[in-house]
$ cat data-v6.cif   # mmCIF, C-alpha atoms
data_upload
#
loop_
_atom_site.label_atom_id
_atom_site.label_comp_id
_atom_site.auth_asym_id
_atom_site.auth_seq_id
_atom_site.Cartn_x
_atom_site.Cartn_y
_atom_site.Cartn_z
CA MET U 360 102.33 -45.38 -58.27
CA LYS U 361 100.33 -45.97 -55.14
CA LYS U 362 102.17 -48.57 -53.15
CA THR U 363 105.81 -48.34 -52.22
CA VAL U 364 108.05 -51.10 -50.90
CA TRP U 365 107.07 -51.65 -47.29
CA VAL U 366 110.63 -51.67 -46.04
CA LEU U 367 110.64 -47.97 -46.92
CA VAL U 368 107.32 -47.47 -45.18
CA ALA U 369 108.74 -49.05 -42.05
CA LEU U 370 111.58 -46.55 -42.09
CA VAL U 371 109.09 -43.73 -42.49
CA VAL U 372 107.14 -45.02 -39.51
CA VAL U 373 110.23 -44.92 -37.31
CA ALA U 374 111.18 -41.47 -38.51
CA GLY U 375 107.66 -40.16 -38.03
CA LEU U 376 107.73 -38.52 -41.43
CA PRO U 377 104.79 -38.08 -43.78
CA VAL U 378 104.73 -40.23 -46.86
CA ALA U 379 102.46 -38.17 -49.06
CA GLY U 380 102.66 -38.48 -52.80
CA CYS U 381 101.50 -42.05 -53.22
CA ALA U 382 97.74 -42.26 -52.99
CA ARG U 383 97.55 -45.85 -51.77
CA ALA U 384 101.03 -47.09 -51.12
CA THR U 385 101.38 -44.85 -48.16
CA PRO U 386 99.28 -45.47 -45.07
CA GLN U 387 100.53 -42.09 -43.77
CA PRO U 388 101.69 -43.94 -40.75
CA THR U 389 100.58 -42.55 -37.47
CA PRO U 390 100.61 -46.10 -36.17
CA VAL U 391 99.19 -47.11 -32.85
CA PRO U 392 101.30 -48.85 -30.26
CA VAL U 393 100.64 -52.33 -29.01
CA PRO U 394 100.36 -51.98 -25.23
CA VAL U 395 103.45 -53.21 -23.40
CA GLU U 396 102.89 -54.39 -19.86
CA GLU U 397 105.58 -52.47 -18.03
CA LYS U 398 105.14 -50.48 -14.86
CA ALA U 399 104.92 -46.81 -15.74
CA PRO U 400 106.13 -43.95 -13.55
CA GLU U 401 103.44 -42.58 -11.27
CA PRO U 402 101.57 -39.89 -13.24
CA THR U 403 101.54 -36.40 -11.86
CA ALA U 404 98.34 -35.34 -10.15
CA VAL U 405 96.74 -32.38 -11.88
CA PRO U 406 95.15 -29.44 -10.03
CA GLU U 407 91.42 -28.77 -10.31
CA ALA U 408 90.55 -27.06 -13.59
CA ALA U 409 87.73 -24.84 -12.30
CA GLY U 410 88.55 -21.14 -12.36
CA LEU U 411 91.84 -21.61 -14.18
CA LYS U 412 93.85 -18.58 -15.18
CA SER U 413 96.71 -19.58 -17.43
CA THR U 414 97.99 -19.55 -21.00
CA VAL U 415 98.03 -22.75 -23.02
CA THR U 416 100.83 -22.89 -25.59
CA LEU U 417 100.12 -25.27 -28.47
CA TRP U 418 102.15 -26.24 -31.54
CA HIS U 419 100.68 -27.95 -34.60
CA ALA U 420 101.18 -28.48 -38.34
CA TRP U 421 97.57 -28.27 -39.45
CA ASN U 422 96.40 -26.85 -42.74
CA GLU U 423 94.16 -23.81 -43.13
CA ASN U 424 90.88 -25.75 -42.98
CA GLU U 425 92.02 -27.59 -39.88
CA ILE U 426 93.08 -24.33 -38.25
CA GLU U 427 89.54 -23.01 -38.71
CA SER U 428 88.24 -25.98 -36.71
CA LEU U 429 90.98 -25.55 -34.12
CA ASN U 430 89.91 -21.94 -33.64
CA ASP U 431 86.30 -23.11 -33.24
CA VAL U 432 87.34 -25.58 -30.54
CA ILE U 433 89.42 -22.99 -28.71
CA ALA U 434 86.52 -20.51 -28.77
CA ALA U 435 84.13 -23.16 -27.42
CA PHE U 436 86.58 -24.04 -24.65
CA GLN U 437 87.14 -20.43 -23.69
CA ALA U 438 83.38 -19.89 -23.42
CA GLY U 439 83.52 -22.06 -20.30
CA ASN U 440 87.06 -21.17 -19.27
CA PRO U 441 87.44 -17.40 -19.83
CA GLY U 442 90.57 -17.24 -17.72
CA VAL U 443 92.54 -19.47 -20.12
CA GLN U 444 94.34 -17.83 -23.04
CA PHE U 445 96.06 -19.51 -25.96
CA ASP U 446 99.41 -19.05 -27.68
CA VAL U 447 99.18 -21.18 -30.83
CA LEU U 448 102.06 -21.72 -33.28
CA TYR U 449 102.02 -23.39 -36.69
CA VAL U 450 105.20 -25.31 -37.52
CA PRO U 451 105.65 -27.18 -40.85
CA PHE U 452 105.16 -30.90 -40.33
CA ASP U 453 108.66 -31.89 -41.35
CA GLU U 454 110.06 -29.47 -38.74
CA LEU U 455 107.56 -29.97 -35.93
CA SER U 456 108.94 -33.09 -34.30
CA GLY U 457 112.53 -31.82 -34.28
CA ARG U 458 111.62 -28.36 -33.01
CA PHE U 459 109.54 -29.79 -30.20
CA GLU U 460 112.25 -32.25 -29.22
CA THR U 461 114.91 -29.54 -29.09
CA ALA U 462 112.75 -27.08 -27.18
CA ALA U 463 111.35 -29.60 -24.71
CA ALA U 464 114.77 -31.09 -23.99
CA ALA U 465 115.94 -27.60 -23.02
CA GLY U 466 112.99 -27.15 -20.65
CA GLY U 467 110.88 -25.07 -23.04
CA GLY U 468 108.49 -25.63 -25.90
CA PRO U 469 104.69 -25.76 -25.83
CA ALA U 470 102.50 -27.28 -23.16
CA LEU U 471 100.59 -29.15 -25.90
CA LEU U 472 101.64 -30.69 -29.19
CA ILE U 473 99.35 -32.04 -31.91
CA GLY U 474 101.25 -34.59 -33.96
CA ALA U 475 101.78 -38.09 -35.24
CA ALA U 476 101.15 -41.12 -33.05
CA GLY U 477 104.54 -42.42 -34.11
CA TRP U 478 106.27 -39.67 -32.15
CA GLY U 479 104.80 -40.63 -28.80
CA PRO U 480 107.01 -43.56 -27.72
CA ALA U 481 110.30 -41.82 -28.53
CA PHE U 482 109.21 -38.58 -26.85
CA TYR U 483 108.06 -40.50 -23.79
CA ASP U 484 111.27 -42.53 -23.57
CA ALA U 485 113.20 -39.25 -23.75
CA GLY U 486 111.14 -37.77 -20.92
CA LEU U 487 109.68 -35.04 -23.13
CA ILE U 488 105.95 -35.79 -22.79
CA ALA U 489 103.85 -36.58 -19.75
CA ASP U 490 101.91 -39.65 -18.73
CA VAL U 491 98.35 -38.36 -18.49
CA GLY U 492 97.02 -41.63 -17.13
CA GLY U 493 96.33 -40.15 -13.72
CA MET U 494 94.25 -37.39 -15.29
CA ALA U 495 92.09 -39.50 -17.61
CA GLY U 496 89.45 -41.27 -15.54
CA GLU U 497 87.85 -44.56 -16.51
CA ALA U 498 84.55 -42.96 -17.50
CA PHE U 499 86.40 -40.60 -19.85
CA ARG U 500 88.46 -43.43 -21.35
CA ARG U 501 85.32 -45.43 -22.10
CA THR U 502 84.15 -42.66 -24.43
CA ILE U 503 87.17 -43.20 -26.71
CA ASN U 504 87.38 -45.72 -29.56
CA PRO U 505 89.27 -48.64 -27.95
CA ALA U 506 91.62 -49.08 -30.89
CA ALA U 507 92.35 -45.34 -30.88
CA LEU U 508 93.01 -45.39 -27.15
CA SER U 509 95.62 -48.07 -27.76
CA ALA U 510 97.43 -45.50 -29.89
CA VAL U 511 98.51 -43.69 -26.77
CA ARG U 512 99.25 -46.63 -24.47
CA TYR U 513 102.94 -47.27 -24.18
CA LYS U 514 104.94 -49.02 -21.45
CA GLY U 515 101.97 -48.87 -19.13
CA ALA U 516 101.56 -45.12 -19.62
CA LEU U 517 99.00 -42.98 -21.40
CA VAL U 518 101.36 -40.78 -23.39
CA GLY U 519 98.67 -38.55 -24.91
CA LEU U 520 95.16 -38.61 -26.30
CA PRO U 521 94.00 -39.69 -29.79
CA GLN U 522 92.21 -36.69 -31.27
CA ALA U 523 91.36 -38.16 -34.70
CA VAL U 524 91.40 -41.55 -36.40
CA LYS U 525 92.12 -42.80 -39.90
CA GLY U 526 93.01 -46.09 -41.51
CA VAL U 527 91.67 -48.97 -43.60
CA VAL U 528 87.97 -49.32 -44.46
CA MET U 529 85.73 -51.06 -46.99
CA TYR U 530 84.19 -48.79 -49.63
CA ARG U 531 81.07 -49.61 -51.65
CA ASN U 532 79.59 -48.03 -54.78
CA LYS U 533 75.84 -48.10 -54.07
CA ASN U 534 75.06 -47.94 -57.78
CA ILE U 535 76.72 -51.34 -58.26
CA ILE U 536 75.94 -53.07 -54.94
CA ALA U 537 72.93 -51.49 -53.30
CA GLU U 538 73.13 -53.03 -49.81
CA ALA U 539 76.00 -53.55 -47.42
CA PRO U 540 76.91 -57.26 -47.17
CA ALA U 541 76.51 -58.49 -43.60
CA THR U 542 78.87 -61.46 -44.04
CA PHE U 543 81.81 -62.30 -46.23
CA GLU U 544 79.69 -64.94 -47.94
CA GLU U 545 77.14 -62.25 -48.80
CA LEU U 546 79.95 -60.05 -50.11
CA VAL U 547 81.13 -62.79 -52.46
CA ALA U 548 77.61 -63.49 -53.68
CA ALA U 549 76.81 -59.82 -54.24
CA ALA U 550 80.11 -59.23 -56.01
CA ARG U 551 79.58 -62.15 -58.37
CA ALA U 552 76.06 -61.02 -59.18
CA ALA U 553 77.29 -57.47 -59.91
CA THR U 554 80.14 -58.56 -62.18
CA VAL U 555 78.91 -57.77 -65.68
CA GLY U 556 80.95 -56.75 -68.71
CA ASP U 557 83.77 -54.46 -67.63
CA THR U 558 82.25 -53.89 -64.18
CA VAL U 559 83.50 -56.02 -61.28
CA GLY U 560 81.53 -56.48 -58.10
CA ALA U 561 84.66 -56.42 -55.93
CA ASP U 562 88.39 -55.89 -56.30
CA LEU U 563 89.88 -56.67 -52.91
CA GLU U 564 93.34 -55.72 -51.63
CA TYR U 565 95.44 -58.27 -49.75
CA GLY U 566 98.67 -56.33 -49.22
CA PHE U 567 99.96 -56.71 -45.66
CA PHE U 568 99.04 -53.22 -44.43
CA PHE U 569 95.53 -53.52 -45.84
CA ALA U 570 94.94 -57.16 -44.86
CA ALA U 571 96.82 -57.85 -41.62
CA ALA U 572 94.01 -56.66 -39.34
CA HIS U 573 91.68 -59.35 -40.70
CA LEU U 574 93.78 -61.78 -38.65
CA ASP U 575 92.81 -60.02 -35.42
CA GLY U 576 89.24 -59.64 -36.61
CA ILE U 577 88.78 -63.40 -36.95
CA GLY U 578 90.25 -64.08 -33.52
CA GLY U 579 93.97 -64.40 -34.21
CA ALA U 580 96.84 -62.05 -33.45
CA LEU U 581 99.85 -60.80 -35.36
CA MET U 582 101.98 -60.37 -32.24
CA ASP U 583 101.82 -60.30 -28.46
CA GLU U 584 102.12 -57.17 -26.33
CA ASN U 585 105.91 -57.37 -26.50
CA GLY U 586 106.03 -57.64 -30.30
CA ASP U 587 106.78 -61.36 -30.53
CA PRO U 588 104.94 -63.15 -33.37
CA LEU U 589 101.76 -65.12 -32.70
CA PHE U 590 100.45 -65.63 -36.23
CA ASN U 591 101.85 -69.11 -36.97
CA ASP U 592 98.87 -71.05 -35.66
CA ALA U 593 95.51 -72.32 -36.87
CA ARG U 594 94.09 -68.78 -36.93
CA GLY U 595 96.99 -67.68 -39.07
CA VAL U 596 96.26 -70.42 -41.58
CA GLU U 597 92.57 -69.46 -41.49
CA TRP U 598 93.59 -65.84 -42.20
CA LEU U 599 95.62 -66.82 -45.27
CA ASN U 600 92.77 -68.98 -46.49
CA LEU U 601 90.42 -66.01 -46.07
CA LEU U 602 92.71 -63.81 -48.14
CA ASN U 603 92.95 -66.52 -50.77
CA SER U 604 89.15 -66.62 -50.94
CA PHE U 605 89.11 -62.94 -51.92
CA LYS U 606 89.60 -64.31 -55.43
CA GLU U 607 86.09 -65.77 -55.28
CA ALA U 608 84.67 -62.22 -55.20
CA GLY U 609 86.64 -60.95 -58.19
CA PRO U 610 90.12 -59.69 -59.05
CA THR U 611 92.56 -59.05 -56.20
CA GLU U 612 95.38 -56.56 -55.75
CA TYR U 613 98.70 -56.47 -53.97
CA TYR U 614 99.73 -52.80 -53.69
CA THR U 615 98.54 -51.72 -57.11
CA ASP U 616 96.26 -48.87 -58.18
CA ASN U 617 93.95 -51.07 -60.23
CA ASP U 618 91.21 -51.33 -57.62
CA VAL U 619 91.12 -47.61 -56.89
CA SER U 620 91.20 -46.75 -60.59
CA LEU U 621 88.27 -49.07 -61.31
CA PHE U 622 86.31 -47.69 -58.37
CA ARG U 623 86.90 -44.08 -59.42
CA ALA U 624 85.68 -44.98 -62.91
CA GLY U 625 82.49 -46.48 -61.49
CA LYS U 626 83.56 -49.97 -62.51
CA ALA U 627 84.07 -51.65 -59.12
CA GLY U 628 81.46 -52.28 -56.44
CA ILE U 629 83.61 -52.89 -53.34
CA ILE U 630 87.24 -52.14 -52.55
CA ILE U 631 89.43 -51.99 -49.44
CA ASP U 632 91.28 -48.70 -49.15
CA ALA U 633 92.27 -45.96 -46.71
CA THR U 634 90.18 -43.09 -45.38
CA TRP U 635 92.58 -40.44 -46.64
CA ASN U 636 91.28 -41.25 -50.12
CA MET U 637 87.65 -40.80 -49.05
CA ALA U 638 87.17 -37.30 -50.46
CA GLY U 639 88.69 -38.25 -53.82
CA LEU U 640 86.48 -41.31 -54.14
CA ALA U 641 83.40 -39.26 -53.26
CA ARG U 642 84.24 -36.71 -55.93
CA ALA U 643 84.81 -39.44 -58.51
CA ILE U 644 81.53 -41.33 -58.14
CA GLY U 645 79.43 -38.81 -56.21
CA ALA U 646 79.19 -38.68 -52.44
CA GLN U 647 75.59 -39.88 -52.63
CA ASN U 648 76.80 -43.11 -54.25
CA LEU U 649 79.66 -43.83 -51.84
CA ALA U 650 79.34 -45.86 -48.65
CA ILE U 651 81.80 -47.02 -46.00
CA ASP U 652 80.43 -50.29 -44.66
CA PRO U 653 80.86 -52.06 -41.34
CA TRP U 654 83.28 -54.95 -41.70
CA PRO U 655 81.35 -58.10 -42.70
CA ALA U 656 81.24 -61.11 -40.42
CA TYR U 657 83.46 -64.10 -41.11
CA GLY U 658 83.09 -67.28 -39.06
CA ASP U 659 82.94 -66.30 -35.39
CA GLY U 660 84.63 -62.95 -36.10
CA HIS U 661 84.73 -60.37 -38.86
CA LEU U 662 87.01 -58.71 -41.36
CA SER U 663 88.80 -55.66 -40.03
CA GLY U 664 91.22 -52.83 -40.81
CA TYR U 665 94.06 -51.04 -39.09
CA VAL U 666 93.19 -47.91 -37.12
CA GLN U 667 95.74 -45.10 -36.92
CA THR U 668 95.53 -41.82 -35.04
CA GLU U 669 96.77 -38.30 -34.72
CA ASN U 670 97.44 -37.42 -31.12
CA ILE U 671 97.59 -34.49 -28.76
CA TYR U 672 100.45 -34.65 -26.27
CA MET U 673 101.22 -32.80 -23.04
CA SER U 674 104.78 -31.66 -22.47
CA ALA U 675 106.58 -33.00 -19.41
CA ASN U 676 107.55 -29.36 -18.77
CA ALA U 677 103.95 -28.32 -18.11
CA VAL U 678 103.42 -27.98 -14.34
CA GLY U 679 101.03 -26.29 -11.95
CA ASP U 680 98.34 -24.10 -13.50
CA ALA U 681 99.86 -24.56 -16.96
CA GLN U 682 99.48 -28.32 -16.63
CA ALA U 683 95.93 -28.02 -15.31
CA ALA U 684 94.88 -25.75 -18.16
CA ALA U 685 96.59 -27.97 -20.73
CA TRP U 686 94.83 -31.06 -19.42
CA ALA U 687 91.46 -29.29 -19.30
CA PHE U 688 91.87 -28.42 -22.97
CA MET U 689 93.04 -31.93 -23.89
CA GLU U 690 89.98 -33.39 -22.19
CA PHE U 691 87.71 -30.91 -23.93
CA PHE U 692 89.39 -31.74 -27.25
CA LEU U 693 87.94 -35.23 -26.91
CA SER U 694 84.48 -34.08 -25.85
CA PRO U 695 81.56 -34.77 -28.20
CA GLN U 696 81.23 -31.00 -28.75
CA ALA U 697 84.83 -30.52 -29.84
CA GLN U 698 84.96 -33.73 -31.86
CA ALA U 699 81.84 -32.65 -33.77
CA LEU U 700 83.49 -29.30 -34.56
CA LEU U 701 86.61 -31.09 -35.79
CA ALA U 702 84.46 -33.38 -37.96
CA ASP U 703 83.05 -30.46 -39.99
CA PRO U 704 83.76 -31.58 -43.59
CA ALA U 705 84.04 -27.96 -44.73
CA LYS U 706 86.89 -27.45 -42.27
CA ALA U 707 89.06 -30.12 -40.61
CA GLY U 708 86.90 -33.06 -41.65
CA HIS U 709 88.44 -35.33 -39.01
CA ILE U 710 86.98 -38.71 -38.17
CA PRO U 711 86.17 -38.61 -34.44
CA ALA U 712 88.22 -40.68 -32.02
CA VAL U 713 85.32 -40.53 -29.57
CA LEU U 714 82.42 -42.96 -29.75
CA GLY U 715 78.90 -41.81 -30.56
CA VAL U 716 79.72 -38.31 -31.83
CA GLU U 717 76.91 -36.90 -33.95
CA VAL U 718 78.35 -35.58 -37.22
CA ALA U 719 76.54 -34.20 -40.23
CA ASP U 720 78.66 -35.85 -42.92
CA PRO U 721 77.44 -39.43 -43.50
CA LEU U 722 80.79 -40.72 -44.77
CA ILE U 723 82.63 -39.45 -41.69
CA ALA U 724 79.96 -41.05 -39.51
CA GLN U 725 80.25 -44.34 -41.41
CA ALA U 726 84.04 -44.33 -41.12
CA ALA U 727 83.84 -43.73 -37.38
CA ALA U 728 81.41 -46.63 -37.06
CA ALA U 729 83.67 -48.91 -39.11
CA PHE U 730 86.64 -48.04 -36.92
CA ALA U 731 84.70 -49.22 -33.87
CA GLY U 732 85.52 -52.71 -35.16
CA GLY U 733 89.09 -51.83 -36.12
CA VAL U 734 92.49 -53.00 -34.93
CA PRO U 735 95.24 -50.72 -33.57
CA PHE U 736 98.26 -50.50 -35.84
CA PRO U 737 101.37 -51.68 -33.93
CA LEU U 738 103.96 -49.02 -33.20
CA ILE U 739 106.65 -50.80 -31.24
CA PRO U 740 110.11 -51.08 -32.88
CA GLU U 741 109.61 -54.79 -33.43
CA MET U 742 107.06 -54.00 -36.15
CA ASP U 743 109.98 -53.23 -38.47
CA ALA U 744 110.81 -56.94 -38.43
CA TYR U 745 107.43 -57.94 -39.89
CA TRP U 746 107.13 -56.17 -43.23
CA GLU U 747 109.43 -58.15 -45.51
CA PRO U 748 108.84 -61.67 -44.09
CA MET U 749 105.06 -61.19 -44.08
CA ASP U 750 105.16 -59.78 -47.59
CA THR U 751 107.07 -62.87 -48.71
CA ALA U 752 104.64 -65.21 -46.94
CA LEU U 753 101.56 -63.57 -48.43
CA ARG U 754 102.93 -63.53 -51.95
CA SER U 755 104.14 -67.12 -51.76
CA VAL U 756 100.74 -68.41 -50.60
CA LEU U 757 98.38 -66.16 -52.54
CA ASP U 758 100.32 -65.85 -55.79
CA GLU U 759 102.36 -69.05 -55.90
CA GLY U 760 100.18 -71.55 -54.04
CA ALA U 761 102.66 -72.31 -51.24
CA ASP U 762 101.52 -74.21 -48.16
CA PRO U 763 100.17 -71.67 -45.60
CA THR U 764 101.56 -73.46 -42.54
CA ALA U 765 105.06 -73.67 -43.99
CA ALA U 766 104.97 -70.07 -45.23
CA LEU U 767 103.91 -68.77 -41.82
CA GLN U 768 106.63 -70.78 -40.10
CA ARG U 769 109.28 -69.34 -42.40
CA ALA U 770 107.99 -65.85 -41.68
CA PHE U 771 107.96 -66.62 -37.95
CA ASP U 772 111.58 -67.73 -38.01
CA SER U 773 112.71 -64.68 -40.00
CA ILE U 774 110.82 -62.26 -37.77
CA THR U 775 112.07 -63.87 -34.56
CA ALA U 776 115.67 -63.52 -35.76
CA ALA U 777 115.11 -59.90 -36.84
CA ILE U 778 113.51 -59.02 -33.50
CA ALA U 779 116.53 -60.42 -31.68
CA GLU U 780 118.72 -58.07 -33.72
CA ILE U 781 116.48 -55.09 -32.99
CA ARG U 782 116.55 -55.77 -29.26
CA GLY U 783 120.28 -56.32 -29.30
CA ARG U 784 121.07 -52.90 -30.74
#
$ encode --input "data-v6.cif" --output "structure tokens"
Amino acid sequence: MKKTVWVLVALVVVAGLPVAGCARATPQPTPVPVPVEEKAPEPTAVPEAAGLKSTVTLWHAWNENEIESLNDVIAAFQAGNPGVQFDVLYVPFDELSGRFETAAAAGGGPALLIGAAGWGPAFYDAGLIADVGGMAGEAFRRTINPAALSAVRYKGALVGLPQAVKGVVMYRNKNIIAEAPATFEELVAAARAATVGDTVGADLEYGFFFAAAHLDGIGGALMDENGDPLFNDARGVEWLNLLNSFKEAGPTEYYTDNDVSLFRAGKAGIIIDATWNMAGLARAIGAQNLAIDPWPAYGDGHLSGYVQTENIYMSANAVGDAQAAAWAFMEFFLSPQAQALLADPAKAGHIPAVLGVEVADPLIAQAAAAFAGGVPFPLIPEMDAYWEPMDTALRSVLDEGADPTAALQRAFDSITAAIAEIRGR
């Protein structure tokens, strides 16, 4: 089974735990926070990095291929910073968050932590990680995918840096549909023309995780910066009508494996799925036949997908030369040179969080380009209130023909009540 009940996914998001084992049901949440306009503490000024002599301690849970890329990045950094040494420790993912929290709370732990975006807000609220906003200049920030940068904005602070992105994209089998559709109307037309026998031109997913970002793409919004719902308006109705029109392109799915199974069998032209299935899809139909397309235009906007990240954090315990060296490495980690090393498909195979990185693998490059038009996945606690009511609204409209305005209002009322409970805890 690929798609679990989203109430369970919401719990996983809060816990920061991996949800591997379901190929599609699990967005492996490293969700990105919606910025909250609160005044952050003044960030600590960092010393000049030139001529640093220090040791950077770093904890991670990367696999062997990723570690090869990490070693490449460290070697490249040390070529320009020979006075900086590294003490790197692998910790299993399901232990990493807890071990860091315990060590940092006692005044120890690493200067840097590579981990899930979902950990950032809780670590920051507990005073365990630093606000690096005073270290990251505007020119540097402009090099980062805007949706990815939102992954590390929380309560007015920059609680880390996004070092890789992943999320929802649109896949195309070039053998079935040769050219990327520029608009949704072109997608529907191409899909209909390609539907022959047991081959379908498109099998589009409208489950909430896979479809919610379309709302932002067409000019609406799921929530405001505080997590309060904004979707029960004309744009929200337009969004539901868009999802309903997916049926014009072919069969639709709501958290099933049918679309992915058809695509793997070479029987579907276009699907909406997650980037962590990219390698499997390429193996199934041949990498030369697989494309990740830019999101097609729709009205005065475009379709879109959620962008999630993996982050690199600086411990609040890093001070002086240790802080300066840690920041220098964090900044280098998001340089085009380091991001290209991390994108090596034979090693880490990460999708760059930095704009304009030249990578050899065309699918990684296409995914990075698609994410330039993506939407940050909300991380604030209020997101827990959205899953079940939005699931009910989508199913009632798309499967049962309910009135979109009424369905959105019911979801709005349920979410508002649930948010009040969350905030009252």
$ closest_atom_pairs --input "data-v6.cif" --of "segment 503-617 of chain U" --to "segment 660-670 of chain U" --cutoff "8 Å" --atoms "all atoms listed in the file" --output "JSON lines"
{"residue": "U:Ala506", "atom": "CA", "partner": "U:Val666", "partner_atom": "CA", "distance": 6.5}
{"residue": "U:Ala507", "atom": "CA", "partner": "U:Thr668", "partner_atom": "CA", "distance": 6.3}
{"residue": "U:Ala510", "atom": "CA", "partner": "U:Thr668", "partner_atom": "CA", "distance": 6.6}
{"residue": "U:Val511", "atom": "CA", "partner": "U:Asn670", "partner_atom": "CA", "distance": 7.7}
{"residue": "U:Gly519", "atom": "CA", "partner": "U:Asn670", "partner_atom": "CA", "distance": 6.4}
{"residue": "U:Leu520", "atom": "CA", "partner": "U:Asn670", "partner_atom": "CA", "distance": 5.5}
{"residue": "U:Pro521", "atom": "CA", "partner": "U:Asn670", "partner_atom": "CA", "distance": 4.3}
{"residue": "U:Gln522", "atom": "CA", "partner": "U:Asn670", "partner_atom": "CA", "distance": 5.3}
{"residue": "U:Ala523", "atom": "CA", "partner": "U:Glu669", "partner_atom": "CA", "distance": 5.4}
{"residue": "U:Val524", "atom": "CA", "partner": "U:Thr668", "partner_atom": "CA", "distance": 4.4}
{"residue": "U:Lys525", "atom": "CA", "partner": "U:Gln667", "partner_atom": "CA", "distance": 5.2}
{"residue": "U:Gly526", "atom": "CA", "partner": "U:Val666", "partner_atom": "CA", "distance": 4.8}
{"residue": "U:Val527", "atom": "CA", "partner": "U:Gly664", "partner_atom": "CA", "distance": 4.8}
{"residue": "U:Val528", "atom": "CA", "partner": "U:Gly664", "partner_atom": "CA", "distance": 6.0}
{"residue": "U:Thr542", "atom": "CA", "partner": "U:His661", "partner_atom": "CA", "distance": 7.9}
{"residue": "U:Phe543", "atom": "CA", "partner": "U:Leu662", "partner_atom": "CA", "distance": 8.0}
{"residue": "U:Phe568", "atom": "CA", "partner": "U:Tyr665", "partner_atom": "CA", "distance": 7.6}
{"residue": "U:Phe569", "atom": "CA", "partner": "U:Gly664", "partner_atom": "CA", "distance": 6.7}
{"residue": "U:Ala570", "atom": "CA", "partner": "U:Gly664", "partner_atom": "CA", "distance": 7.0}
{"residue": "U:Ala571", "atom": "CA", "partner": "U:Gly664", "partner_atom": "CA", "distance": 7.6}
{"residue": "U:Ala572", "atom": "CA", "partner": "U:Gly664", "partner_atom": "CA", "distance": 5.0}
{"residue": "U:His573", "atom": "CA", "partner": "U:Ser663", "partner_atom": "CA", "distance": 4.7}
{"residue": "U:Leu574", "atom": "CA", "partner": "U:Leu662", "partner_atom": "CA", "distance": 7.9}
{"residue": "U:Asp575", "atom": "CA", "partner": "U:Ser663", "partner_atom": "CA", "distance": 7.5}
{"residue": "U:Gly576", "atom": "CA", "partner": "U:His661", "partner_atom": "CA", "distance": 5.1}
{"residue": "U:Ile577", "atom": "CA", "partner": "U:Gly660", "partner_atom": "CA", "distance": 4.3}
{"residue": "U:Gly578", "atom": "CA", "partner": "U:Gly660", "partner_atom": "CA", "distance": 6.3}
$ residues_around --input "data-v6.cif" --residues "Gly466 of chain U" --least-positions-apart "2" --cutoff "9 Å" --atoms "all atoms listed in the file" --output "VMD selection string"
chain U and resid 461 to 464 468 487 675 to 676
$ resolve_selection --input "data-v6.cif" --expression "the PyMOL selection byres ((chain U and resi 640-650) around 7)" --output "VMD selection string"
chain U and resid 530 to 534 623 625 636 to 639 651 to 652 722
$ residues_near_point --input "data-v6.cif" --point "(102.7, -45.1, -23.8)" --cutoff "9 Å" --atoms "only C-alpha atoms" --output "VMD selection string"
chain U and resid 392 394 to 395 399 479 to 480 483 to 484 490 509 to 519
$ closest_atom_pairs --input "data-v6.cif" --of "segment 413-497 of chain U" --to "segment 707-711 of chain U" --cutoff "8 Å" --atoms "only C-alpha atoms" --output "tab-separated table"
residue	atom	partner	partner_atom	distance
U:Asn424	CA	U:Ala707	CA	5.3
U:Glu425	CA	U:Ala707	CA	4.0
U:Ile426	CA	U:Ala707	CA	7.4
U:Glu427	CA	U:Ala707	CA	7.4
U:Ser428	CA	U:Ala707	CA	5.7
$ write_last_selection --input "data-v6.cif" --atoms "C-alpha atoms" --output "PDB file, in the frame of the given file"
ATOM      1  CA  ASN U 424      90.880 -25.750 -42.980  1.00  0.00           C
ATOM      2  CA  GLU U 425      92.020 -27.590 -39.880  1.00  0.00           C
ATOM      3  CA  ILE U 426      93.080 -24.330 -38.250  1.00  0.00           C
ATOM      4  CA  GLU U 427      89.540 -23.010 -38.710  1.00  0.00           C
ATOM      5  CA  SER U 428      88.240 -25.980 -36.710  1.00  0.00           C
TER       6      SER U 428
END
